[in-house]
Amino acid sequence: MAAPASPSTGTPFPLAHRLRDAGIAGLVAMVLAIPFLGLRTVNLDQGLVVQANLAYVPLAGVLVFLGRLILGLLAAPLAKAVAPLTAWRPPASAQRLRPWGGPLLVLAAMALPFLPFANRYVIDLGTTALIYILLATGLNITVGLAGLLDLGFAAFYAIGAYTCALTTTQLHWGFWPALAAGGLASSLFAVLLSLPILRLRGDYLAIVTLGFGEITRIIILNWQGLTGGPNGVSGIARPTLFGLTFDRRAPAGGQTFSEVTGIAYAPEHRLIFLYLVILALTVLAAYTVARLRRLPIGRAWEALREDEIACRSLGINPTMVKVSAYATGALMGGLAGCFFAARQGFVSPESFGFMESATILAIVVLGGMGSQAGVIIAALFIVVLPELARGFADYRMLAFGLAMILIMIWKPGGLLSGRLPTIRLSTAKPKPVAEAA
Amino acid sequence: MTEPLLDTPLLDVRGLTMRFGGLLAVDSVDLTAERNRITALIGPNGAGKTTIFNCLTGFYKPTAGRLLLRHPTRGEIELQTLKGYGVARTGVVRTFQNIRLFPSMTVLENLLVAQHQALMPKSVFSLAGLLNLKGWRAAEEAAVDTARDWLHRLDLLAVADEEAGNLSYGMQRRVEIARAMSTNPLLLCLDEPAAGLNPRETRALAELLAGIRAEHGIGILLIEHDMGLVMDISDRIFVVDHGARIAAGTPAEIRNDERVIKAYLGEPDAEDMAAGGSAP
């Protein structure tokens, strides 16, 4: 088939081109299907043997050919159908409601555990989603605001978690001091990491941060004496409310929440308390980021993302800006890690692999770089959607991947890609002195 | 070279040399810039003007030479010893030949980023800012007022809340000048500020620069190819060619300098270069 392609005309591709395109896809699928589907290892008495079952190969080719053809024919009308949805912008009158969005969301989140449908599962899921929101809020500072790609954010998560684990089990600290220590330790490591990589940009920076993430995990895995290696650390202190625990029986010299308040003991209380703690941490973090964006340091982060050379020409020290972005982001990662450790009561290196870093980054990118609301929506999407799709068993990750691909096709800048200005001249307080005409 | 040596120029450059490997880009150039004066740096394309600018503003470390800034409060500062961003903190602030704004931030935000150095201590490591203390709020309002003044001056008030990257080319040039001026500089270094402007915008630029010279007591150093503009507003012109300074003087002197005419046109008997307008 040698139909001339007409990519420059902008009109829908002719059928011949579609057929050729689908044919190529089918051929590629057949080549790939030979090792993936055509050959399989079978365990027989005489050992492991490779059996050829080449019938699947043409089948795969035909399926992919048809799929590609249908996609090609449907893509344009589908995109047209969705265009009004993706182009939708809230009307100008809705802008006045914007300041209420945050507080309303917080109130709704606070009410969640007390709603009738809130069982253990819902509260647990909410807690997980909030951990990811907190993590992504931190990463959003580095990636979304300062524009420094970080593929190893789970390292800060891990450092926070292990700081919490070790200070509570070895030094017998309570949860709250351990939480502060976890955040600060992560921040400190971020400063140490950012110093050698300040000259790197783009791809190189991404590779080094990827390496840092892996090194951290491997050190934790191998430093048996301190971290317990693959066995992890257990017996991490649970969060307490002004010294009150949420256990059935009070520990020696302590009191439980139910004893003091007179509310009958229920195991859900601990879950609700954990949920409210992470909610408070997340709200505090989101508020801090929103304030920081309006401060010189936050504006410098964004300016650095926009143009580092222009920053230098205005006397801004790019080193300090980058270090502060890493440190602030890592602080939030560390807090999330510490909370994670205390919630589980156990940490092991498995929880902090590259998949964690990738998931957190996916939340930031999917939500729209730099957008706090985007982070919240994307985190809910990434945590809750796979849960909703549990009924589909094996296919849920497939559905999840498909959903992500579709969003990235139609919203390449993320779900909420618009940047909100940090200040408007029209709303800034006017100068008291009358202007000379 | 018979030039009257000025007692205390704001910027005194001696023997500036910049070598990239085997290439001698700037060869022992002397130049000065004064307060309340517009100093122009001209020369054919590739003469080394922007390299001189990059050395002055800390983007290149000169191979040799002394860049002395006479700062009213900090005394004499050798700019070549400072780190890149340190030069701007002394009050030597530049614009770029290919405009460098923060494109997805608004015009007002661009001007507030420029006041980072003044605002940062007021935010007390961001703590006062995080708590929204009174002192911080006053400092921010003052910064917005400074920005508002410059936006007003450059006729940009109407687009203050627009993203800088969405503005027209001429407006972006003005935003860059407003951004540099809101740092409250001592010496404003403009790299081809008239490039890409139409004649009306160029005239407005000339008026603006003359106004800044008259009112703000700062020095202006200008690289420009628009000879009409240069001859019109400069108090002093330095001409470089092949990395070396070939002439210095008032516009009238430069206009009739044979070496300058030769450098630009290659013909000693060519027409008055001022009539020729800009080189591409």
# chains A, B, ... in the order shown; residues from 1 in each chain; ligands from 1
>>> select_by_dssp(residues="range 34-243 of chain B", states="helix (DSSP H, G or I)", output="JSON, numbers by chain")
{"B": [49, 50, 51, 52, 53, 54, 55, 56, 79, 80, 81, 84, 85, 86, 87, 88, 89, 107, 108, 109, 110, 111, 112, 113, 114, 116, 117, 118, 119, 120, 121, 122, 127, 128, 129, 130, 134, 135, 136, 137, 138, 139, 140, 141, 142, 143, 144, 145, 146, 147, 148, 149, 150, 151, 152, 153, 157, 158, 159, 164, 165, 166, 169, 170, 171, 172, 173, 174, 175, 176, 177, 178, 179, 180, 181, 199, 200, 201, 202, 203, 204, 205, 206, 207, 208, 209, 210, 211, 212, 213, 214, 215, 216, 227, 228, 229, 230, 231, 232, 233]}
>>> write_last_selection(atoms="C-alpha atoms", output="mmCIF file, in the first residue's frame")
data_model
loop_
_atom_site.group_PDB
_atom_site.id
_atom_site.type_symbol
_atom_site.label_atom_id
_atom_site.label_comp_id
_atom_site.auth_asym_id
_atom_site.auth_seq_id
_atom_site.Cartn_x
_atom_site.Cartn_y
_atom_site.Cartn_z
ATOM 1 C CA LYS B 49 29.093 44.564 22.445
ATOM 2 C CA THR B 50 26.893 41.964 24.083
ATOM 3 C CA THR B 51 29.984 40.155 25.391
ATOM 4 C CA ILE B 52 31.024 43.401 27.088
ATOM 5 C CA PHE B 53 27.517 43.627 28.564
ATOM 6 C CA ASN B 54 27.668 40.055 29.779
ATOM 7 C CA CYS B 55 30.981 40.778 31.504
ATOM 8 C CA LEU B 56 29.612 43.942 33.072
ATOM 9 C CA LEU B 79 32.234 43.995 39.758
ATOM 10 C CA GLN B 80 34.431 41.286 38.251
ATOM 11 C CA THR B 81 34.932 39.780 41.710
ATOM 12 C CA GLY B 84 26.705 36.537 38.748
ATOM 13 C CA TYR B 85 23.638 37.570 40.706
ATOM 14 C CA GLY B 86 25.710 39.828 42.982
ATOM 15 C CA VAL B 87 26.220 42.407 40.250
ATOM 16 C CA ALA B 88 22.513 43.141 40.032
ATOM 17 C CA ARG B 89 22.463 43.647 43.806
ATOM 18 C CA VAL B 107 3.152 41.972 34.377
ATOM 19 C CA LEU B 108 2.670 43.101 37.972
ATOM 20 C CA GLU B 109 4.206 39.862 39.275
ATOM 21 C CA ASN B 110 7.192 40.405 36.989
ATOM 22 C CA LEU B 111 7.739 43.771 38.614
ATOM 23 C CA LEU B 112 7.347 42.325 42.109
ATOM 24 C CA VAL B 113 9.884 39.574 41.430
ATOM 25 C CA ALA B 114 12.270 42.367 40.467
ATOM 26 C CA HIS B 116 12.884 40.470 45.544
ATOM 27 C CA GLN B 117 16.036 41.910 47.124
ATOM 28 C CA ALA B 118 14.158 44.672 48.873
ATOM 29 C CA LEU B 119 11.203 42.523 49.905
ATOM 30 C CA MET B 120 12.994 39.398 51.093
ATOM 31 C CA PRO B 121 14.319 40.881 54.372
ATOM 32 C CA LYS B 122 10.911 42.429 55.021
ATOM 33 C CA LEU B 127 7.756 34.099 58.539
ATOM 34 C CA ALA B 128 6.372 37.618 58.757
ATOM 35 C CA GLY B 129 4.844 37.013 55.372
ATOM 36 C CA LEU B 130 3.321 33.684 56.371
ATOM 37 C CA LYS B 134 1.657 44.435 59.506
ATOM 38 C CA GLY B 135 5.245 45.277 58.611
ATOM 39 C CA TRP B 136 5.172 42.807 55.767
ATOM 40 C CA ARG B 137 1.870 44.065 54.426
ATOM 41 C CA ALA B 138 3.197 47.617 54.372
ATOM 42 C CA ALA B 139 6.322 46.489 52.537
ATOM 43 C CA GLU B 140 4.270 44.655 49.956
ATOM 44 C CA GLU B 141 2.000 47.626 49.425
ATOM 45 C CA ALA B 142 5.036 49.820 48.924
ATOM 46 C CA ALA B 143 6.364 47.359 46.354
ATOM 47 C CA VAL B 144 3.036 47.362 44.528
ATOM 48 C CA ASP B 145 3.116 51.167 44.545
ATOM 49 C CA THR B 146 6.597 51.184 43.014
ATOM 50 C CA ALA B 147 5.390 48.762 40.377
ATOM 51 C CA ARG B 148 2.279 50.841 39.765
ATOM 52 C CA ASP B 149 4.379 53.968 39.225
ATOM 53 C CA TRP B 150 6.504 52.281 36.595
ATOM 54 C CA LEU B 151 3.520 50.686 34.914
ATOM 55 C CA HIS B 152 1.902 54.101 34.766
ATOM 56 C CA ARG B 153 5.077 55.647 33.413
ATOM 57 C CA LEU B 157 -1.400 49.945 33.721
ATOM 58 C CA ALA B 158 -4.111 48.469 31.543
ATOM 59 C CA VAL B 159 -2.226 45.189 31.094
ATOM 60 C CA ALA B 164 3.535 38.941 30.312
ATOM 61 C CA GLY B 165 4.025 36.350 27.583
ATOM 62 C CA ASN B 166 0.717 37.301 25.942
ATOM 63 C CA TYR B 169 6.527 42.615 21.363
ATOM 64 C CA GLY B 170 6.706 46.343 21.969
ATOM 65 C CA MET B 171 4.861 45.998 25.263
ATOM 66 C CA GLN B 172 7.151 43.185 26.379
ATOM 67 C CA ARG B 173 10.129 45.468 25.754
ATOM 68 C CA ARG B 174 8.507 48.089 27.958
ATOM 69 C CA VAL B 175 7.731 45.537 30.676
ATOM 70 C CA GLU B 176 11.373 44.533 30.698
ATOM 71 C CA ILE B 177 12.454 48.145 31.178
ATOM 72 C CA ALA B 178 9.818 48.675 33.874
ATOM 73 C CA ARG B 179 11.000 45.504 35.605
ATOM 74 C CA ALA B 180 14.619 46.658 35.539
ATOM 75 C CA MET B 181 13.663 50.121 36.809
ATOM 76 C CA PRO B 199 9.238 54.267 14.652
ATOM 77 C CA ARG B 200 6.534 55.573 16.971
ATOM 78 C CA GLU B 201 7.555 53.173 19.740
ATOM 79 C CA THR B 202 11.207 54.093 19.196
ATOM 80 C CA ARG B 203 10.401 57.775 19.670
ATOM 81 C CA ALA B 204 8.531 56.976 22.865
ATOM 82 C CA LEU B 205 11.532 54.963 24.048
ATOM 83 C CA ALA B 206 13.832 57.928 23.395
ATOM 84 C CA GLU B 207 11.554 60.182 25.436
ATOM 85 C CA LEU B 208 11.391 57.645 28.228
ATOM 86 C CA LEU B 209 15.172 57.256 28.438
ATOM 87 C CA ALA B 210 15.664 61.008 28.370
ATOM 88 C CA GLY B 211 13.070 61.309 31.138
ATOM 89 C CA ILE B 212 14.757 58.663 33.292
ATOM 90 C CA ARG B 213 18.094 60.410 32.802
ATOM 91 C CA ALA B 214 16.614 63.715 33.876
ATOM 92 C CA GLU B 215 14.648 62.539 36.886
ATOM 93 C CA HIS B 216 16.253 59.523 38.462
ATOM 94 C CA MET B 227 21.683 55.108 14.849
ATOM 95 C CA GLY B 228 18.944 57.685 14.794
ATOM 96 C CA LEU B 229 18.102 56.862 18.412
ATOM 97 C CA VAL B 230 21.740 56.633 19.486
ATOM 98 C CA MET B 231 22.750 59.945 17.943
ATOM 99 C CA ASP B 232 19.615 61.564 19.273
ATOM 100 C CA ILE B 233 19.815 60.733 22.953
#
>>> residues_around(residues="range 274-288 of chain A", least_positions_apart="2", cutoff="9 Å", atoms="only C-alpha atoms", output="number ranges by chain")
A: 106, 109-110, 113, 123-124, 126-128, 130-131, 133-135, 137-138, 239, 269-272, 290-293, 332, 335-336, 339, 343, 372; B: 130
>>> select_by_dssp(residues="range 16-254 of chain B", states="strand (DSSP E or B)", output="VMD selection string")
chain B and resid 16 to 20 23 to 33 38 to 42 64 to 71 75 to 78 92 to 94 106 163 187 to 191 219 to 223 236 to 241 244 to 249
>>> residues_around(residues="Leu41 in chain B", least_positions_apart="5", cutoff="12 Å", atoms="only C-alpha atoms", output="PDB file with C-alpha atoms, in the first residue's frame")
ATOM      1  CA  VAL B  29      38.369  47.758  26.218  1.00  0.00           C
ATOM      2  CA  ASP B  30      38.101  50.877  28.366  1.00  0.00           C
ATOM      3  CA  LEU B  31      34.804  52.596  28.904  1.00  0.00           C
ATOM      4  CA  THR B  32      32.994  54.710  31.439  1.00  0.00           C
ATOM      5  CA  ALA B  33      29.398  55.450  32.290  1.00  0.00           C
ATOM      6  CA  ALA B  47      31.863  43.357  17.417  1.00  0.00           C
ATOM      7  CA  GLY B  48      31.630  42.137  20.996  1.00  0.00           C
ATOM      8  CA  LYS B  49      29.093  44.564  22.445  1.00  0.00           C
ATOM      9  CA  THR B  50      26.893  41.964  24.083  1.00  0.00           C
ATOM     10  CA  THR B  51      29.984  40.155  25.391  1.00  0.00           C
ATOM     11  CA  ILE B  52      31.024  43.401  27.088  1.00  0.00           C
ATOM     12  CA  PHE B  53      27.517  43.627  28.564  1.00  0.00           C
ATOM     13  CA  CYS B 189      22.072  48.503  30.932  1.00  0.00           C
ATOM     14  CA  LEU B 190      19.823  48.124  27.902  1.00  0.00           C
ATOM     15  CA  ASP B 191      20.740  45.602  25.214  1.00  0.00           C
ATOM     16  CA  GLU B 192      19.148  46.808  21.971  1.00  0.00           C
ATOM     17  CA  ILE B 220      22.094  54.440  31.340  1.00  0.00           C
ATOM     18  CA  LEU B 221      24.303  52.230  29.217  1.00  0.00           C
ATOM     19  CA  LEU B 222      22.841  51.316  25.895  1.00  0.00           C
ATOM     20  CA  ILE B 223      23.674  48.926  23.088  1.00  0.00           C
ATOM     21  CA  GLU B 224      21.743  49.939  20.034  1.00  0.00           C
ATOM     22  CA  HIS B 225      21.792  49.573  16.284  1.00  0.00           C
ATOM     23  CA  ASP B 226      19.248  52.290  15.616  1.00  0.00           C
ATOM     24  CA  MET B 227      21.683  55.108  14.849  1.00  0.00           C
ATOM     25  CA  VAL B 230      21.740  56.633  19.486  1.00  0.00           C
ATOM     26  CA  MET B 231      22.750  59.945  17.943  1.00  0.00           C
ATOM     27  CA  SER B 234      23.381  59.680  23.787  1.00  0.00           C
ATOM     28  CA  ASP B 235      25.699  61.932  25.706  1.00  0.00           C
ATOM     29  CA  ARG B 236      28.695  59.787  24.942  1.00  0.00           C
ATOM     30  CA  ILE B 237      29.323  56.975  22.495  1.00  0.00           C
ATOM     31  CA  PHE B 238      31.866  54.178  22.549  1.00  0.00           C
ATOM     32  CA  VAL B 239      32.463  52.286  19.325  1.00  0.00           C
ATOM     33  CA  VAL B 240      33.844  48.754  19.291  1.00  0.00           C
ATOM     34  CA  ASP B 241      34.844  46.633  16.321  1.00  0.00           C
ATOM     35  CA  GLY B 243      36.441  43.293  20.162  1.00  0.00           C
ATOM     36  CA  ALA B 244      38.507  46.485  20.401  1.00  0.00           C
ATOM     37  CA  ARG B 245      37.436  50.030  21.097  1.00  0.00           C
ATOM     38  CA  ILE B 246      37.996  52.103  17.997  1.00  0.00           C
ATOM     39  CA  ALA B 247      36.477  55.410  19.004  1.00  0.00           C
ATOM     40  CA  ALA B 248      34.870  57.332  21.833  1.00  0.00           C
ATOM     41  CA  GLY B 249      33.260  60.712  21.958  1.00  0.00           C
ATOM     42  CA  THR B 250      30.134  62.774  21.599  1.00  0.00           C
ATOM     43  CA  PRO B 251      27.624  61.907  18.868  1.00  0.00           C
ATOM     44  CA  ILE B 254      31.528  59.857  16.295  1.00  0.00           C
TER      45      ILE B 254
END
>>> closest_residue(among="B:Thr39, B:Thr63, B:Asn45, B:Thr183", to="Leu16 in chain B", atoms="only C-alpha atoms")
B:Thr63
>>> interface_residues(of="chain A", to="chain B", cutoff="9 Å", atoms="only C-alpha atoms", output="PyMOL selection string")
chain A and resi 288+291-292+294-297+299-300+302-307+309-318+419-426+428-431
>>> write_last_selection(atoms="N, CA and C atoms", output="JSON list (two decimals), in the first residue's frame")
[["chain", "number", "residue", "atom", "x", "y", "z"],
["A", 288, "THR", "N", -0.07, 26.92, 53.73],
["A", 288, "THR", "CA", 1.28, 27.47, 53.70],
["A", 288, "THR", "C", 1.73, 27.71, 52.27],
["A", 291, "ARG", "N", 0.07, 30.73, 50.82],
["A", 291, "ARG", "CA", 0.66, 31.97, 51.33],
["A", 291, "ARG", "C", 2.05, 32.18, 50.71],
["A", 292, "LEU", "N", 2.84, 31.11, 50.65],
["A", 292, "LEU", "CA", 4.20, 31.24, 50.14],
["A", 292, "LEU", "C", 4.20, 31.75, 48.70],
["A", 294, "ARG", "N", 2.47, 33.91, 47.47],
["A", 294, "ARG", "CA", 2.30, 35.36, 47.44],
["A", 294, "ARG", "C", 3.48, 36.09, 48.06],
["A", 295, "LEU", "N", 4.46, 35.34, 48.54],
["A", 295, "LEU", "CA", 5.62, 35.96, 49.18],
["A", 295, "LEU", "C", 6.78, 36.00, 48.19],
["A", 296, "PRO", "N", 7.80, 36.81, 48.50],
["A", 296, "PRO", "CA", 8.94, 36.90, 47.59],
["A", 296, "PRO", "C", 9.53, 35.53, 47.27],
["A", 297, "ILE", "N", 9.60, 34.66, 48.27],
["A", 297, "ILE", "CA", 10.23, 33.37, 48.03],
["A", 297, "ILE", "C", 9.43, 32.56, 47.02],
["A", 299, "ARG", "N", 7.31, 33.75, 44.76],
["A", 299, "ARG", "CA", 7.40, 34.38, 43.44],
["A", 299, "ARG", "C", 8.74, 34.05, 42.81],
["A", 300, "ALA", "N", 9.79, 33.98, 43.64],
["A", 300, "ALA", "CA", 11.10, 33.64, 43.09],
["A", 300, "ALA", "C", 11.10, 32.20, 42.57],
["A", 302, "GLU", "N", 8.60, 30.61, 41.21],
["A", 302, "GLU", "CA", 7.96, 30.61, 39.90],
["A", 302, "GLU", "C", 8.81, 31.31, 38.86],
["A", 303, "ALA", "N", 9.47, 32.40, 39.27],
["A", 303, "ALA", "CA", 10.34, 33.12, 38.34],
["A", 303, "ALA", "C", 11.48, 32.21, 37.88],
["A", 304, "LEU", "N", 11.97, 31.39, 38.81],
["A", 304, "LEU", "CA", 13.06, 30.47, 38.46],
["A", 304, "LEU", "C", 12.59, 29.47, 37.41],
["A", 305, "ARG", "N", 11.37, 28.99, 37.56],
["A", 305, "ARG", "CA", 10.81, 28.07, 36.58],
["A", 305, "ARG", "C", 10.71, 28.75, 35.22],
["A", 306, "GLU", "N", 10.35, 30.04, 35.24],
["A", 306, "GLU", "CA", 10.13, 30.75, 33.99],
["A", 306, "GLU", "C", 11.44, 31.07, 33.29],
["A", 307, "ASP", "N", 12.40, 31.62, 34.01],
["A", 307, "ASP", "CA", 13.65, 32.03, 33.38],
["A", 307, "ASP", "C", 14.73, 32.25, 34.43],
["A", 309, "ILE", "N", 17.93, 32.81, 33.93],
["A", 309, "ILE", "CA", 18.88, 33.88, 33.59],
["A", 309, "ILE", "C", 18.30, 35.23, 33.98],
["A", 310, "ALA", "N", 17.00, 35.42, 33.72],
["A", 310, "ALA", "CA", 16.38, 36.68, 34.10],
["A", 310, "ALA", "C", 16.41, 36.84, 35.62],
["A", 311, "CYS", "N", 16.25, 35.75, 36.35],
["A", 311, "CYS", "CA", 16.34, 35.81, 37.81],
["A", 311, "CYS", "C", 17.69, 36.35, 38.24],
["A", 312, "ARG", "N", 18.74, 35.79, 37.63],
["A", 312, "ARG", "CA", 20.08, 36.24, 38.01],
["A", 312, "ARG", "C", 20.26, 37.71, 37.67],
["A", 313, "SER", "N", 19.68, 38.15, 36.56],
["A", 313, "SER", "CA", 19.86, 39.54, 36.17],
["A", 313, "SER", "C", 19.14, 40.48, 37.12],
["A", 314, "LEU", "N", 18.27, 39.94, 37.97],
["A", 314, "LEU", "CA", 17.57, 40.78, 38.94],
["A", 314, "LEU", "C", 18.14, 40.59, 40.35],
["A", 315, "GLY", "N", 19.28, 39.91, 40.43],
["A", 315, "GLY", "CA", 19.93, 39.78, 41.72],
["A", 315, "GLY", "C", 19.40, 38.65, 42.58],
["A", 316, "ILE", "N", 18.59, 37.77, 41.99],
["A", 316, "ILE", "CA", 18.08, 36.64, 42.75],
["A", 316, "ILE", "C", 19.11, 35.51, 42.68],
["A", 317, "ASN", "N", 19.45, 34.97, 43.83],
["A", 317, "ASN", "CA", 20.44, 33.90, 43.88],
["A", 317, "ASN", "C", 19.75, 32.57, 43.58],
["A", 318, "PRO", "N", 19.97, 32.00, 42.40],
["A", 318, "PRO", "CA", 19.22, 30.80, 42.03],
["A", 318, "PRO", "C", 19.48, 29.64, 42.99],
["A", 419, "ARG", "N", -2.95, 29.00, 35.44],
["A", 419, "ARG", "CA", -2.23, 29.50, 36.60],
["A", 419, "ARG", "C", -2.99, 30.71, 37.16],
["A", 420, "LEU", "N", -3.19, 30.72, 38.48],
["A", 420, "LEU", "CA", -3.85, 31.86, 39.10],
["A", 420, "LEU", "C", -2.81, 32.89, 39.48],
["A", 421, "PRO", "N", -3.01, 34.15, 39.08],
["A", 421, "PRO", "CA", -2.06, 35.18, 39.49],
["A", 421, "PRO", "C", -2.06, 35.32, 41.01],
["A", 422, "THR", "N", -0.89, 35.65, 41.59],
["A", 422, "THR", "CA", -0.81, 35.75, 43.05],
["A", 422, "THR", "C", -1.31, 37.10, 43.54],
["A", 423, "ILE", "N", -1.42, 38.05, 42.64],
["A", 423, "ILE", "CA", -1.87, 39.39, 43.05],
["A", 423, "ILE", "C", -2.45, 40.05, 41.82],
["A", 424, "ARG", "N", -3.44, 40.89, 42.02],
["A", 424, "ARG", "CA", -4.00, 41.64, 40.89],
["A", 424, "ARG", "C", -3.94, 43.11, 41.23],
["A", 425, "LEU", "N", -3.53, 43.89, 40.26],
["A", 425, "LEU", "CA", -3.45, 45.32, 40.50],
["A", 425, "LEU", "C", -4.84, 45.88, 40.76],
["A", 426, "SER", "N", -5.84, 45.30, 40.08],
["A", 426, "SER", "CA", -7.19, 45.83, 40.20],
["A", 426, "SER", "C", -7.74, 45.66, 41.61],
["A", 428, "ALA", "N", -5.53, 45.24, 44.33],
["A", 428, "ALA", "CA", -4.56, 45.73, 45.32],
["A", 428, "ALA", "C", -5.03, 47.07, 45.85],
["A", 429, "LYS", "N", -4.64, 47.35, 47.08],
["A", 429, "LYS", "CA", -5.07, 48.58, 47.72],
["A", 429, "LYS", "C", -4.53, 49.77, 46.92],
["A", 430, "PRO", "N", -5.39, 50.69, 46.50],
["A", 430, "PRO", "CA", -4.86, 51.82, 45.72],
["A", 430, "PRO", "C", -4.01, 52.74, 46.59],
["A", 431, "LYS", "N", -3.13, 53.42, 45.91],
["A", 431, "LYS", "CA", -2.22, 54.33, 46.60],
["A", 431, "LYS", "C", -3.01, 55.47, 47.22]]
>>> residues_around(residues="Ala178 in chain A", least_positions_apart="6", cutoff="7 Å", atoms="only C-alpha atoms", output="JSON, numbers by chain")
{"A": [164, 167, 168]}
>>> decode(residues="range 361-403 of chain A", atoms="C-alpha atoms", output="CSV table (one decimal), in the first residue's frame")
chain,number,residue,atom,x,y,z
A,361,LEU,CA,4.6,12.9,40.2
A,362,ALA,CA,1.6,11.6,38.2
A,363,ILE,CA,-0.7,13.4,40.7
A,364,VAL,CA,1.2,16.6,40.2
A,365,VAL,CA,1.3,16.4,36.4
A,366,LEU,CA,-2.3,15.1,36.1
A,367,GLY,CA,-3.7,17.8,38.3
A,368,GLY,CA,-1.9,20.6,36.4
A,369,MET,CA,1.5,21.8,37.5
A,370,GLY,CA,1.4,24.3,40.3
A,371,SER,CA,-2.3,23.9,41.0
A,372,GLN,CA,-3.4,23.0,44.5
A,373,ALA,CA,-7.0,22.2,43.5
A,374,GLY,CA,-5.6,20.1,40.7
A,375,VAL,CA,-3.5,18.1,43.1
A,376,ILE,CA,-6.5,17.4,45.2
A,377,ILE,CA,-8.6,16.2,42.3
A,378,ALA,CA,-5.8,14.1,40.8
A,379,ALA,CA,-5.0,12.5,44.1
A,380,LEU,CA,-8.6,11.5,44.7
A,381,PHE,CA,-8.6,10.2,41.1
A,382,ILE,CA,-5.5,8.2,41.5
A,383,VAL,CA,-6.3,6.8,44.9
A,384,VAL,CA,-10.1,6.3,44.6
A,385,LEU,CA,-10.5,5.3,41.0
A,386,PRO,CA,-8.6,2.0,41.3
A,387,GLU,CA,-10.7,1.2,44.4
A,388,LEU,CA,-13.9,1.9,42.6
A,389,ALA,CA,-12.8,-0.3,39.8
A,390,ARG,CA,-12.1,-3.2,42.2
A,391,GLY,CA,-15.1,-5.1,40.7
A,392,PHE,CA,-13.2,-5.4,37.5
A,393,ALA,CA,-10.4,-7.3,39.2
A,394,ASP,CA,-7.6,-7.8,36.8
A,395,TYR,CA,-8.8,-5.0,34.4
A,396,ARG,CA,-8.8,-2.2,36.9
A,397,MET,CA,-5.2,-1.1,36.2
A,398,LEU,CA,-6.0,-1.3,32.5
A,399,ALA,CA,-9.0,1.0,33.0
A,400,PHE,CA,-6.9,3.3,35.2
A,401,GLY,CA,-4.2,3.6,32.5
A,402,LEU,CA,-6.8,4.2,29.9
A,403,ALA,CA,-8.3,7.0,31.9
